[in-house]
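Asks: Data file model.cif (mmCIF, C-alpha atoms and all ligand atoms) is appended below.
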```
data_coords
loop_
_atom_site.label_atom_id
_atom_site.label_comp_id
_atom_site.auth_asym_id
_atom_site.auth_seq_id
_atom_site.Cartn_x
_atom_site.Cartn_y
_atom_site.Cartn_z
CA MET S 98 16.26 29.65 -5.88
CA THR S 99 12.57 28.68 -5.77
CA LEU S 100 11.65 25.08 -4.90
CA ASP S 101 8.94 24.05 -7.35
CA ILE S 102 6.53 21.44 -5.90
CA ALA S 103 3.59 19.82 -7.74
CA CYS S 104 0.81 18.63 -5.41
CA VAL S 105 -1.60 16.12 -6.95
CA VAL S 106 -5.31 15.71 -6.12
CA ALA S 107 -7.71 13.38 -7.89
CA ALA S 108 -10.61 11.97 -5.89
CA ARG S 109 -12.77 13.01 -2.91
CA PRO S 110 -10.52 11.96 -0.01
CA ASN S 111 -7.44 13.57 -1.59
CA PHE S 112 -8.77 17.08 -1.15
CA MET S 113 -8.95 16.92 2.66
CA LYS S 114 -5.49 15.33 2.84
CA MET S 115 -3.76 17.76 0.47
CA ALA S 116 -5.40 21.11 1.38
CA PRO S 117 -3.36 21.57 4.62
CA VAL S 118 -0.14 20.62 2.79
CA VAL S 119 -0.73 23.12 -0.02
CA GLU S 120 -1.60 25.82 2.47
CA ALA S 121 1.51 25.19 4.58
CA LEU S 122 3.73 25.10 1.47
CA ARG S 123 2.31 28.33 0.09
CA ALA S 124 2.94 30.07 3.40
CA ARG S 125 6.67 29.35 3.09
CA PRO S 126 8.96 31.72 1.21
CA GLY S 127 11.02 30.20 -1.58
CA ILE S 128 8.43 27.57 -2.48
CA CYS S 129 6.15 27.50 -5.51
CA ALA S 130 3.39 24.94 -4.81
CA ARG S 131 1.37 24.07 -7.87
CA LEU S 132 -1.84 22.04 -7.74
CA VAL S 133 -2.58 19.37 -10.35
CA HIS S 134 -6.08 17.83 -10.48
CA THR S 135 -6.12 14.60 -12.47
CA GLY S 136 -9.92 14.77 -12.83
CA GLN S 137 -10.51 11.22 -11.53
CA HIS S 138 -13.52 12.66 -9.67
CA TYR S 139 -15.30 15.38 -11.58
CA ASP S 140 -18.93 15.79 -10.43
CA GLU S 141 -19.52 19.08 -8.65
CA ALA S 142 -20.36 17.15 -5.44
CA MET S 143 -17.21 14.99 -5.71
CA SER S 144 -14.72 17.75 -6.55
CA ARG S 145 -15.61 21.43 -6.89
CA VAL S 146 -17.45 21.67 -3.55
CA PHE S 147 -14.29 20.66 -1.68
CA PHE S 148 -12.17 23.40 -3.28
CA ASP S 149 -14.75 25.95 -2.17
CA GLU S 150 -15.21 24.59 1.34
CA LEU S 151 -11.57 23.84 2.11
CA GLY S 152 -10.44 27.19 0.70
CA MET S 153 -8.13 25.43 -1.71
CA PRO S 154 -6.92 27.43 -4.74
CA ALA S 155 -8.16 26.38 -8.17
CA PRO S 156 -5.84 23.78 -9.68
CA ASP S 157 -3.15 25.02 -12.05
CA VAL S 158 -4.16 22.25 -14.41
CA ASN S 159 -6.96 19.68 -14.70
CA LEU S 160 -5.98 16.56 -16.65
CA ASP S 161 -9.66 15.57 -17.09
CA VAL S 162 -8.98 11.84 -17.03
CA GLY S 163 -12.52 10.91 -15.89
CA SER S 164 -13.74 7.38 -15.21
CA GLY S 165 -12.77 4.04 -16.75
CA SER S 166 -11.48 0.59 -15.93
CA HIS S 167 -8.53 0.49 -13.52
CA ALA S 168 -6.16 -0.07 -16.41
CA ALA S 169 -7.63 2.63 -18.64
CA GLN S 170 -7.89 5.21 -15.87
CA THR S 171 -4.40 4.53 -14.52
CA ALA S 172 -2.92 4.60 -18.02
CA ARG S 173 -4.66 7.86 -18.89
CA VAL S 174 -3.32 9.55 -15.74
CA LEU S 175 0.16 8.17 -16.39
CA GLU S 176 0.20 9.52 -19.92
CA ARG S 177 -1.36 12.92 -19.25
CA PHE S 178 0.59 13.60 -16.07
CA ASP S 179 3.79 12.61 -17.84
CA GLU S 180 3.06 15.14 -20.60
CA TRP S 181 2.44 17.78 -17.97
CA LEU S 182 5.68 16.88 -16.18
CA GLU S 183 7.63 17.20 -19.39
CA ALA S 184 6.49 20.79 -19.81
CA ALA S 185 6.31 21.82 -16.15
CA ARG S 186 9.42 20.09 -14.73
CA PRO S 187 8.71 20.46 -11.02
CA ASP S 188 11.46 19.66 -8.52
CA LEU S 189 9.20 17.34 -6.54
CA VAL S 190 5.79 15.65 -6.84
CA VAL S 191 3.53 15.14 -3.81
CA VAL S 192 0.76 12.50 -3.98
CA ALA S 193 -1.72 11.47 -1.28
CA GLY S 194 -3.68 8.39 -0.27
CA ASP S 195 -4.28 5.29 -2.34
CA VAL S 196 -6.40 6.02 -5.41
CA ASN S 197 -5.44 5.09 -8.97
CA SER S 198 -4.17 8.60 -9.68
CA THR S 199 -1.84 8.40 -6.65
CA LEU S 200 0.03 5.46 -8.14
CA ALA S 201 -0.05 6.73 -11.72
CA CYS S 202 1.40 10.14 -10.82
CA ALA S 203 4.05 8.60 -8.56
CA LEU S 204 5.10 6.28 -11.39
CA ALA S 205 5.21 9.05 -14.01
CA ALA S 206 7.38 11.21 -11.75
CA ALA S 207 9.69 8.35 -10.70
CA LYS S 208 10.29 7.42 -14.37
CA ARG S 209 11.47 10.97 -14.95
CA ALA S 210 13.69 10.80 -11.86
CA ILE S 211 11.61 13.49 -10.16
CA PRO S 212 11.49 12.81 -6.39
CA VAL S 213 8.08 11.66 -5.08
CA ALA S 214 6.59 12.37 -1.65
CA HIS S 215 3.68 10.24 -0.42
CA VAL S 216 1.22 11.65 2.12
CA GLU S 217 -0.49 8.89 4.16
CA SER S 218 2.20 6.37 3.48
CA GLY S 219 2.51 2.89 5.03
CA LEU S 220 -1.14 1.96 5.59
CA ARG S 221 -1.74 -1.73 4.80
CA SER S 222 -4.94 -3.79 4.86
CA ARG S 223 -3.00 -6.88 3.72
CA ASP S 224 -5.87 -7.56 1.33
CA ARG S 225 -4.49 -7.45 -2.20
CA ALA S 226 -7.97 -7.88 -3.64
CA MET S 227 -8.50 -4.20 -2.78
CA PRO S 228 -7.25 -1.95 -5.59
CA GLU S 229 -6.14 0.57 -2.97
CA GLU S 230 -3.75 -1.94 -1.35
CA LEU S 231 -1.85 -2.38 -4.62
CA ASN S 232 -1.77 1.39 -5.08
CA ARG S 233 -0.36 1.84 -1.55
CA ILE S 234 2.36 -0.80 -1.85
CA LEU S 235 3.52 0.38 -5.27
CA THR S 236 3.41 4.09 -4.44
CA ASP S 237 5.46 3.52 -1.29
CA ALA S 238 7.98 1.48 -3.27
CA LEU S 239 8.43 4.43 -5.64
CA ALA S 240 8.43 7.26 -3.09
CA ASP S 241 11.51 9.09 -1.85
CA LEU S 242 9.76 10.75 1.09
CA LEU S 243 7.16 8.73 2.98
CA PHE S 244 4.87 10.63 5.34
CA ALA S 245 3.16 8.33 7.82
CA THR S 246 0.08 9.09 9.92
CA SER S 247 0.80 6.59 12.70
CA ALA S 248 3.51 4.35 14.18
CA ASP S 249 1.95 1.14 12.77
CA ALA S 250 2.37 2.60 9.26
CA VAL S 251 6.05 3.26 9.95
CA GLN S 252 6.46 -0.37 11.06
CA ASN S 253 4.79 -1.62 7.88
CA LEU S 254 7.25 0.35 5.76
CA GLU S 255 10.27 -0.82 7.74
CA ARG S 256 9.08 -4.42 7.42
CA GLU S 257 9.01 -3.93 3.63
CA GLY S 258 12.67 -2.93 3.76
CA ILE S 259 12.16 0.78 3.06
CA ASP S 260 15.09 2.89 4.22
CA ALA S 261 14.16 4.45 7.59
CA ALA S 262 15.78 7.74 6.50
CA LYS S 263 13.00 8.22 3.94
CA ILE S 264 10.18 7.73 6.49
CA HIS S 265 8.71 10.65 8.45
CA LEU S 266 6.04 10.18 11.11
CA VAL S 267 4.15 13.45 10.73
CA GLY S 268 0.55 12.77 11.79
CA ASN S 269 -2.68 12.98 9.86
CA SER S 270 -3.33 15.87 7.49
CA MET S 271 -6.95 14.74 6.97
CA ILE S 272 -7.45 15.43 10.67
CA ASP S 273 -5.81 18.87 10.19
CA SER S 274 -8.72 19.64 7.84
CA LEU S 275 -11.25 18.26 10.30
CA ARG S 276 -9.96 20.35 13.20
CA ARG S 277 -9.77 23.45 11.09
CA HIS S 278 -13.24 23.22 9.56
CA LEU S 279 -15.29 21.82 12.44
CA PRO S 280 -16.51 25.24 13.64
CA ALA S 281 -17.76 26.09 10.13
CA ALA S 282 -19.34 22.63 9.87
CA ARG S 283 -21.21 23.11 13.17
CA ALA S 284 -22.48 26.51 12.07
CA ARG S 285 -24.30 24.93 9.12
CA ARG S 286 -26.59 22.98 11.48
CA ALA S 287 -26.79 20.00 9.14
CA PRO S 288 -28.80 17.71 11.49
CA GLU S 289 -31.55 20.33 11.81
CA ARG S 290 -31.59 20.87 8.05
CA PHE S 291 -31.89 17.12 7.44
CA GLY S 292 -34.69 16.89 10.03
CA VAL S 293 -32.85 14.51 12.40
CA GLU S 294 -32.35 14.91 16.13
CA ARG S 295 -28.80 15.46 17.45
CA GLY S 296 -27.51 12.21 18.93
CA GLY S 297 -30.55 10.36 17.61
CA TYR S 298 -29.62 9.17 14.12
CA ALA S 299 -27.00 7.22 12.17
CA VAL S 300 -24.96 8.22 9.11
CA ALA S 301 -23.95 5.56 6.57
CA THR S 302 -21.65 5.57 3.54
CA ILE S 303 -20.84 2.66 1.22
CA HIS S 304 -18.81 2.68 -1.96
CA ARG S 305 -16.29 -0.19 -1.87
CA PRO S 306 -16.64 -2.47 -4.92
CA SER S 307 -16.86 -5.42 -2.46
CA ASN S 308 -20.06 -3.94 -0.99
CA VAL S 309 -21.72 -2.30 -3.95
CA ASP S 310 -20.70 -4.02 -7.19
CA ASP S 311 -22.52 -7.28 -6.45
CA PRO S 312 -26.29 -6.53 -6.56
CA GLU S 313 -27.06 -9.21 -3.95
CA GLN S 314 -24.50 -7.81 -1.47
CA LEU S 315 -25.65 -4.23 -2.07
CA SER S 316 -29.30 -5.21 -1.61
CA ARG S 317 -28.55 -6.95 1.67
CA VAL S 318 -26.57 -3.95 2.99
CA LEU S 319 -29.39 -1.58 2.03
CA GLU S 320 -32.01 -3.86 3.59
CA ALA S 321 -30.04 -3.93 6.85
CA LEU S 322 -29.81 -0.11 6.85
CA ALA S 323 -33.56 0.12 6.14
CA ALA S 324 -34.24 -2.27 9.06
CA LEU S 325 -31.96 -0.25 11.36
CA SER S 326 -33.83 2.91 10.40
CA SER S 327 -37.01 1.60 12.04
CA SER S 328 -35.31 2.18 15.42
CA LEU S 329 -32.77 4.88 14.44
CA PRO S 330 -33.13 7.20 11.42
CA VAL S 331 -30.28 6.66 8.94
CA VAL S 332 -28.87 9.33 6.60
CA LEU S 333 -27.20 7.71 3.57
CA PRO S 334 -25.30 10.07 1.24
CA VAL S 335 -24.82 7.97 -1.87
CA HIS S 336 -21.46 7.85 -3.68
CA PRO S 337 -21.83 7.94 -7.51
CA ARG S 338 -20.52 4.36 -7.87
CA THR S 339 -23.24 3.20 -5.47
CA ALA S 340 -25.88 5.40 -7.11
CA ALA S 341 -25.13 3.80 -10.48
CA ARG S 342 -25.49 0.30 -8.98
CA ILE S 343 -28.76 1.18 -7.22
CA GLU S 344 -30.11 2.59 -10.46
CA SER S 345 -29.27 -0.60 -12.33
CA MET S 346 -31.32 -2.61 -9.79
CA GLY S 347 -34.44 -0.95 -11.19
CA ALA S 348 -37.60 0.01 -9.32
CA ALA S 349 -38.35 -3.47 -7.92
CA GLY S 350 -34.84 -3.78 -6.42
CA ALA S 351 -34.95 -0.29 -4.96
CA ALA S 352 -38.36 -0.88 -3.35
CA ARG S 353 -36.91 -3.76 -1.29
CA HIS S 354 -34.82 -1.39 0.78
CA SER S 355 -36.97 1.73 0.81
CA ALA S 356 -37.94 2.89 4.28
CA ARG S 357 -39.39 6.16 5.49
CA ARG S 358 -36.55 6.79 7.94
CA LEU S 359 -33.74 5.79 5.58
CA LEU S 360 -32.85 9.16 4.11
CA VAL S 361 -31.07 8.56 0.80
CA VAL S 362 -29.33 11.77 -0.33
CA PRO S 363 -26.70 12.74 -2.94
CA PRO S 364 -23.03 12.96 -1.86
CA LEU S 365 -22.66 15.78 0.66
CA GLY S 366 -20.21 18.63 0.85
CA TYR S 367 -17.47 18.24 3.45
CA LEU S 368 -18.94 20.70 5.96
CA ASP S 369 -22.42 19.16 5.97
CA PHE S 370 -20.96 15.67 6.15
CA LEU S 371 -18.66 16.59 9.07
CA GLY S 372 -21.53 18.30 10.88
CA LEU S 373 -23.75 15.25 10.41
CA MET S 374 -21.05 12.83 11.58
CA GLU S 375 -20.21 14.84 14.67
CA ALA S 376 -23.80 14.82 15.97
CA ALA S 377 -24.57 11.22 14.95
CA ARG S 378 -25.16 8.42 17.45
CA LEU S 379 -23.50 5.96 15.12
CA VAL S 380 -21.70 5.85 11.77
CA LEU S 381 -21.70 2.81 9.47
CA THR S 382 -19.17 2.88 6.66
CA ASP S 383 -16.69 1.17 4.38
CA SER S 384 -14.74 4.39 3.83
CA GLY S 385 -11.11 4.71 4.91
CA GLY S 386 -11.20 8.36 5.86
CA VAL S 387 -14.48 8.12 7.75
CA GLN S 388 -12.96 5.52 10.13
CA GLU S 389 -10.35 8.12 11.08
CA GLU S 390 -12.72 11.06 11.28
CA THR S 391 -15.14 9.25 13.62
CA THR S 392 -12.15 8.36 15.82
CA ALA S 393 -11.21 12.04 16.00
CA LEU S 394 -14.83 13.06 16.63
CA GLY S 395 -15.53 10.42 19.28
CA VAL S 396 -18.42 8.84 17.39
CA ARG S 397 -18.91 5.09 17.32
CA CYS S 398 -18.12 3.64 13.89
CA ILE S 399 -19.04 0.25 12.46
CA THR S 400 -16.92 -0.70 9.44
CA LEU S 401 -18.51 -3.04 6.92
CA ARG S 402 -15.29 -4.67 5.77
CA ASP S 403 -13.15 -7.74 6.53
CA THR S 404 -9.93 -5.76 6.98
CA THR S 405 -8.79 -2.26 7.75
CA GLU S 406 -5.57 -0.49 6.79
CA ARG S 407 -6.20 1.81 9.76
CA PRO S 408 -5.94 -0.45 12.84
CA ILE S 409 -5.25 2.56 15.06
CA THR S 410 -8.92 3.53 14.67
CA MET S 411 -9.76 0.31 16.53
CA THR S 412 -6.93 0.20 19.08
CA GLU S 413 -7.02 3.91 19.92
CA GLY S 414 -10.31 4.95 18.44
CA THR S 415 -14.00 4.29 18.14
CA ASN S 416 -14.03 1.90 15.19
CA ARG S 417 -15.27 -1.70 15.11
CA LEU S 418 -14.67 -3.97 12.13
CA ILE S 419 -17.65 -6.28 11.62
CA GLY S 420 -16.78 -8.07 8.37
CA SER S 421 -18.58 -8.02 5.07
CA ASP S 422 -21.65 -10.11 5.93
CA PRO S 423 -24.61 -7.69 6.05
CA ALA S 424 -26.25 -10.00 8.64
CA SER S 425 -23.76 -8.55 11.16
CA ILE S 426 -24.99 -4.98 10.74
CA LEU S 427 -28.08 -5.05 12.97
CA PRO S 428 -26.53 -6.95 15.92
CA ALA S 429 -23.43 -4.69 15.79
CA ALA S 430 -25.59 -1.57 15.68
CA SER S 431 -27.65 -2.80 18.67
CA GLU S 432 -24.48 -3.43 20.66
CA ALA S 433 -23.08 -0.01 19.78
CA LEU S 434 -26.31 1.72 20.81
CA ALA S 435 -26.46 -0.24 24.07
CA ALA S 436 -22.83 0.63 24.85
CA GLY S 437 -23.64 4.35 24.83
CA PRO S 438 -21.36 7.28 24.01
CA ILE S 439 -17.61 6.88 23.62
CA GLU S 440 -14.82 9.38 24.25
CA ALA S 441 -12.74 10.80 21.41
CA ARG S 442 -9.15 9.55 21.71
CA MET S 443 -6.86 11.42 19.42
CA PRO S 444 -3.89 9.27 18.27
CA ALA S 445 -0.45 10.88 18.66
CA LEU S 446 0.26 13.70 16.17
CA TRP S 447 -3.36 13.93 14.97
CA ASP S 448 -3.08 17.44 16.35
CA GLY S 449 -3.82 19.69 13.38
CA TYR S 450 -0.18 20.32 12.41
CA ALA S 451 0.64 17.44 10.06
CA GLY S 452 0.54 19.77 7.02
CA GLU S 453 3.15 22.04 8.65
CA ARG S 454 5.42 19.10 9.46
CA ILE S 455 5.16 17.81 5.89
CA ALA S 456 5.93 21.28 4.51
CA ALA S 457 8.95 21.56 6.82
CA VAL S 458 10.44 18.32 5.42
CA LEU S 459 9.62 19.24 1.81
CA ALA S 460 11.19 22.68 2.23
CA ARG S 461 14.58 21.01 2.86
CA GLN S 462 14.62 19.36 -0.58
CA PRO S 463 16.92 20.75 -3.26
CA ALA S 464 15.61 23.19 -5.91
CA SER S 465 16.69 23.11 -9.55
CA GLY S 466 15.61 26.61 -10.46
CA SER S 467 13.10 25.36 -13.06
CA SER S 468 10.28 27.60 -11.80
CA GLU S 469 12.36 30.72 -12.56
CA ARG S 470 12.47 29.57 -16.20
CA ARG S 471 8.75 28.84 -16.43
CA GLU S 472 6.09 31.13 -17.90
CA LYS S 473 2.97 31.97 -15.91
CA THR S 474 -0.27 30.12 -16.85
CA SER S 475 -3.86 30.78 -15.77
CA PRO S 476 -5.73 28.43 -13.37
CA ALA S 477 -7.83 25.53 -14.66
CA THR S 478 -11.45 24.76 -13.85
CA VAL S 479 -12.46 22.04 -11.34
C1 LIG C 501 -12.19 5.88 -5.87
C2 LIG C 501 -10.96 5.18 -5.32
C3 LIG C 501 -11.25 4.69 -3.90
C4 LIG C 501 -11.75 5.82 -3.03
C5 LIG C 501 -12.92 6.52 -3.68
C6 LIG C 501 -13.25 7.75 -2.88
C7 LIG C 501 -9.54 3.95 -6.90
C8 LIG C 501 -9.16 2.61 -7.37
N1 LIG C 501 -10.63 4.01 -6.11
O1 LIG C 501 -13.23 4.92 -5.97
O2 LIG C 501 -10.06 4.18 -3.32
O3 LIG C 501 -12.15 5.29 -1.79
O4 LIG C 501 -12.55 6.95 -5.01
O5 LIG C 501 -14.51 8.23 -3.12
O6 LIG C 501 -8.90 4.91 -7.23
N2 LIG C 501 -18.27 8.64 -10.81
C9 LIG C 501 -19.11 9.68 -11.10
N3 LIG C 501 -18.69 10.94 -10.86
C10 LIG C 501 -17.48 11.22 -10.34
C11 LIG C 501 -16.62 10.17 -10.06
C12 LIG C 501 -17.03 8.88 -10.30
O7 LIG C 501 -20.23 9.47 -11.58
O8 LIG C 501 -17.16 12.42 -10.13
C13 LIG C 501 -18.75 7.26 -11.03
C14 LIG C 501 -18.41 6.69 -12.40
O9 LIG C 501 -19.47 5.88 -12.81
C15 LIG C 501 -17.21 5.82 -12.10
C16 LIG C 501 -17.48 5.35 -10.68
O10 LIG C 501 -18.15 6.42 -10.05
O11 LIG C 501 -17.06 4.77 -13.00
C17 LIG C 501 -16.24 4.97 -9.90
O12 LIG C 501 -15.30 6.04 -9.88
P1 LIG C 501 -13.73 5.74 -9.67
O13 LIG C 501 -12.99 7.00 -9.46
O14 LIG C 501 -13.23 4.84 -10.73
O15 LIG C 501 -13.70 4.88 -8.35
P2 LIG C 501 -14.43 5.13 -6.97
O16 LIG C 501 -15.37 4.01 -6.71
O17 LIG C 501 -14.94 6.52 -6.92
N1 LIG C 502 -17.21 12.82 2.65
C1 LIG C 502 -17.93 13.96 2.24
N2 LIG C 502 -19.21 13.78 1.79
C2 LIG C 502 -19.83 12.56 1.76
C3 LIG C 502 -19.08 11.44 2.18
C4 LIG C 502 -17.77 11.59 2.60
O1 LIG C 502 -17.40 15.07 2.26
O2 LIG C 502 -21.00 12.50 1.37
C5 LIG C 502 -15.82 13.01 3.08
C6 LIG C 502 -15.43 12.40 4.42
O3 LIG C 502 -15.70 13.28 5.48
C7 LIG C 502 -13.93 12.16 4.22
C8 LIG C 502 -13.81 11.80 2.75
O4 LIG C 502 -15.01 12.30 2.14
O5 LIG C 502 -13.21 13.37 4.47
C9 LIG C 502 -13.73 10.32 2.58
O6 LIG C 502 -13.85 10.00 1.23
P1 LIG C 502 -14.36 8.59 0.70
O7 LIG C 502 -15.14 7.90 1.75
O8 LIG C 502 -15.00 8.85 -0.61
O9 LIG C 502 -12.99 7.84 0.38
P2 LIG C 502 -12.04 6.87 1.23
O10 LIG C 502 -11.65 7.57 2.47
O11 LIG C 502 -12.80 5.61 1.47
O12 LIG C 502 -10.90 6.60 0.30
#
```
Could you rewrite the structure in this file as structure tokens?

Replies:
Amino acid sequence: MTLDIACVVAARPNFMKMAPVVEALRARPGICARLVHTGQHYDEAMSRVFFDELGMPAPDVNLDVGSGSHAAQTARVLERFDEWLEAARPDLVVVAGDVNSTLACALAAAKRAIPVAHVESGLRSRDRAMPEELNRILTDALADLLFATSADAVQNLEREGIDAAKIHLVGNSMIDSLRRHLPAARARRAPERFGVERGGYAVATIHRPSNVDDPEQLSRVLEALAALSSSLPVVLPVHPRTAARIESMGAAGAARHSARRLLVVPPLGYLDFLGLMEAARLVLTDSGGVQEETTALGVRCITLRDTTERPITMTEGTNRLIGSDPASILPAASEALAAGPIEARMPALWDGYAGERIAAVLARQPASGSSERREKTSPATV
């Protein structure tokens, strides 16, 4: 009997986490792995490019939920994914990370008594003002299989009273993608194409509401990056949330942070972004995934946040948390530059095989035979 598994993707970081899982599942006989895109991210540069670069098959369905308030977006995913579940009846639903679609799809499946697996389970920032923290806690409470990237995540889950039998320490599937695609990323020679010297520039990304939604905070972050660029060129690929906020500042606001060596560019594809990070002297970010990737690449990372759900990137990696005050950016950057290069230290099980381990656990789950009863449909667009 075929085991019918629905894998959900929604927003930029989901693609890197789910691609290795889908690939490992599809390589196994007796498994039908379908891909559902909720459409939370939909711009070509936030969605389509990752399917192409990661070699991920087109989704079987795109729910086209788009943007909205947290409530509206979560509700739309809940409703549309539930309708899809009613018709598709998979044996198992796999969600990843901590975005609104992760929680909504886990909830829709759990309400239908369909088992839920959570990839990247157990991370906790302990800051409930972050929407992602609520999504993590609630998704883990609903999940039947919890796949953790590191031992601290396992401890968090155990402390919350989750049955240890449900928890599997499997490693980091986002790092599977990194290891797999690094040669292709290098071949694209992104630093040369962006006109920056290898080892002689910084890469920055900012998109957390706490950094970009308040115009004063965003202005101060951008001014600090502009100031840093006078000693070290900075490449800043701008997330659409941030782009919208910068636009609303108008010309006068934008002029305050313009600098010749602050290179403001649209969101990059995965391969160019990886290639740029690997050859950077320094990365400044508020991204979750980027903290892990710089750890794996051995590049110093400064995180512009008060908390991190990924403490292993500090204890066993290259990450430094500097808080949310933009006044800390320049001194922290100076210290990082003075400290010189740092060695990559790969946390346990960040070895490129997390997707395989996840697939091995999923393959042991019971099948209901629903996929034998289902009619074939054609793939959706991204
Ligand atoms: C979401 C996740 C966040 C994750 C980030 C990854 C939640 C609560 N937040 O934040 O955890 O770190 O994705 O990038 O799920 N927009 C576009 N085009 C797109 C997508 C978004 O223009 O393809 C714009 C829209 O104006 C939208 C805004 O970006 O309102 C925010 O998008 P949304 O998905 O709600 O949240 P993110 O900030 O992207
Ligand atoms: N990323 C990318 N292009 C960019 C910025 C980031 O491909 O311009 C990749 C990055 O390498 C990582 C993922 O996007 O794999 C992280 O996504 P994001 O920072 O949007 O979300 P978070 O990890 O904060 O949830």

Asks: Considering all atoms listed in the file, can you say which of S:Leu381, S:Ile303, S:Leu322, S:Leu275 comes closest to ligand LIG 501 (chain C)?

Replies: S:Ile303

Asks: Output as JSON lines one row per residue of range 377-396 of chain S within 12 Å of range 113-120 of chain S: the closest atom pair and its distance in Å to one decimal place, counting all atoms listed in the file, sorted by chain and residue number ascending.

Replies:
```
{"residue": "S:Gly386", "atom": "CA", "partner": "S:Met113", "partner_atom": "CA", "distance": 9.4}
{"residue": "S:Val387", "atom": "CA", "partner": "S:Met113", "partner_atom": "CA", "distance": 11.6}
{"residue": "S:Glu389", "atom": "CA", "partner": "S:Lys114", "partner_atom": "CA", "distance": 12.0}
{"residue": "S:Glu390", "atom": "CA", "partner": "S:Met113", "partner_atom": "CA", "distance": 11.1}
```

Asks: Find, counting only C-alpha atoms, the residue in S:Glu257, S:Ala262, S:Leu204, S:Arg290 that gets nearest to Ala240 in chain S.

Replies: S:Leu204

Asks: Quick one, how far is CA of Leu254 in chain S from CA of Arg233 in chain S?

Replies: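 Going from CA of Leu254 in chain S over to CA of Arg233 in chain S, I get 10.7 Å.
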
Asks: Smallest atom-to-atom distance to Cys398 in chain S: which of S:Ile264, S:Leu329, S:Ala299, S:Ala185, using only C-alpha atoms?

Replies: S:Ala299

Asks: Identify, counting all atoms listed in the file, the protein, DNA and RNA residues located within 8 Å of ligand LIG 501 (chain C), and give them as a PyMOL selection string.

Replies: chain S and resi 108-110+137-144+163-167+170+195-199+228-229+232+304-306+336-339+341+384-385
